[in-house]
Amino acid sequence: MKKLYKGKTCVVCEEEKEDGMYVYTAFICWECEREIVQTEPGTEKYEQLVKKLGKIRKPSVFS
Ligand SMILES: [Zn+2]
């Protein structure tokens, strides 16, 4: 039986995926999560990923 709900939108690749993780309120798919882990800090790719992740805000209740 197919799941009725649609996938959530990943903040990094902006594609709808069914599986992934939440960082605060943002959804990141497993593929992007793995990419972030494997990307070396200081590289152009890493900078781009960090920029995308900059959209993620901690819940205001903690600020
Ligand atoms: Zn993604």
# chains A, B, ... in the order shown; residues from 1 in each chain; ligands from 1
call {"tool": "residues_near_ligand", "arguments": {"ligand": "ligand 1", "cutoff": "7 Å", "atoms": "only C-alpha atoms and all ligand atoms", "output": "list in words"}}
result
Cys10, Val11, Val12, Cys13, Glu14, Glu15, Ile28, Cys29, Trp30, Glu31 and Cys32 of chain A
call {"tool": "atom_distance", "arguments": {"atom1": "CA of Glu16 (chain A)", "atom2": "CA of Glu35 (chain A)"}}
result
16.7 Å
call {"tool": "residues_around", "arguments": {"residues": "Tyr46 (chain A)", "least_positions_apart": "5", "cutoff": "10 Å", "atoms": "only C-alpha atoms", "output": "tab-separated table (two decimals) with all heavy atoms, in the first residue's frame"}}
result
chain	number	residue	atom	x	y	z
A	35	GLU	N	26.06	13.92	2.10
A	35	GLU	CA	26.94	14.80	1.34
A	35	GLU	C	27.61	15.82	2.26
A	35	GLU	O	28.79	16.12	2.13
A	35	GLU	CB	26.12	15.50	0.25
A	35	GLU	CG	26.96	15.83	-0.95
A	35	GLU	CD	26.09	16.33	-2.09
A	35	GLU	OE1	25.02	15.76	-2.31
A	35	GLU	OE2	26.51	17.29	-2.73
A	36	ILE	N	26.82	16.36	3.18
A	36	ILE	CA	27.35	17.35	4.13
A	36	ILE	C	28.47	16.73	4.97
A	36	ILE	O	29.52	17.32	5.17
A	36	ILE	CB	26.21	17.90	5.03
A	36	ILE	CG1	25.25	18.75	4.20
A	36	ILE	CG2	26.78	18.71	6.19
A	36	ILE	CD1	23.89	18.97	4.86
A	37	VAL	N	28.22	15.52	5.43
A	37	VAL	CA	29.19	14.82	6.27
A	37	VAL	C	30.49	14.55	5.49
A	37	VAL	O	31.59	14.66	6.04
A	37	VAL	CB	28.58	13.50	6.80
A	37	VAL	CG1	29.64	12.62	7.46
A	37	VAL	CG2	27.47	13.79	7.80
A	38	GLN	N	30.35	14.25	4.21
A	38	GLN	CA	31.52	13.88	3.40
A	38	GLN	C	32.26	15.08	2.81
A	38	GLN	O	33.36	14.93	2.29
A	38	GLN	CB	31.09	12.93	2.27
A	38	GLN	CG	30.71	11.55	2.80
A	38	GLN	CD	30.16	10.65	1.71
A	38	GLN	OE1	29.90	11.08	0.59
A	38	GLN	NE2	29.97	9.38	2.04
A	39	THR	N	31.64	16.26	2.87
A	39	THR	CA	32.27	17.43	2.25
A	39	THR	C	33.29	18.07	3.20
A	39	THR	O	33.01	18.28	4.37
A	39	THR	CB	31.19	18.45	1.84
A	39	THR	OG1	30.26	17.82	0.97
A	39	THR	CG2	31.80	19.64	1.13
A	40	GLU	N	34.47	18.34	2.65
A	40	GLU	CA	35.53	18.93	3.45
A	40	GLU	C	35.25	20.41	3.73
A	40	GLU	O	34.96	21.16	2.81
A	40	GLU	CB	36.86	18.84	2.69
A	40	GLU	CG	37.29	17.44	2.35
A	40	GLU	CD	38.31	16.89	3.34
A	40	GLU	OE1	38.82	17.69	4.15
A	40	GLU	OE2	38.56	15.68	3.31
A	41	PRO	N	35.38	20.83	4.99
A	41	PRO	CA	35.22	22.25	5.29
A	41	PRO	C	36.25	23.08	4.53
A	41	PRO	O	37.38	22.62	4.31
A	41	PRO	CB	35.47	22.33	6.80
A	41	PRO	CG	35.21	20.96	7.31
A	41	PRO	CD	35.61	20.02	6.19
A	51	LYS	N	25.60	27.71	3.20
A	51	LYS	CA	24.69	28.78	2.83
A	51	LYS	C	23.24	28.29	2.84
A	51	LYS	O	22.34	28.95	3.32
A	51	LYS	CB	25.06	29.30	1.43
A	51	LYS	CG	25.07	30.80	1.33
A	51	LYS	CD	25.45	31.24	-0.06
A	51	LYS	CE	26.88	31.76	-0.10
A	51	LYS	NZ	27.25	32.25	-1.45
A	52	LYS	N	23.05	27.11	2.29
A	52	LYS	CA	21.71	26.51	2.28
A	52	LYS	C	21.25	26.24	3.71
A	52	LYS	O	20.09	26.46	4.06
A	52	LYS	CB	21.72	25.19	1.51
A	52	LYS	CG	22.10	25.37	0.06
A	52	LYS	CD	20.93	25.09	-0.82
A	52	LYS	CE	21.34	25.13	-2.28
A	52	LYS	NZ	20.18	25.02	-3.16
call {"tool": "atom_distance", "arguments": {"atom1": "CA of Lys8 (chain A)", "atom2": "CA of Thr43 (chain A)"}}
result
28.0 Å
call {"tool": "closest_residue", "arguments": {"among": "A:Gly54, A:Glu47, A:Thr9, A:Gly42", "to": "Tyr22 (chain A)", "atoms": "only C-alpha atoms"}}
result
A:Thr9
call {"tool": "atom_distance", "arguments": {"atom1": "CA of Tyr24 (chain A)", "atom2": "CA of Leu49 (chain A)"}}
result
16.4 Å
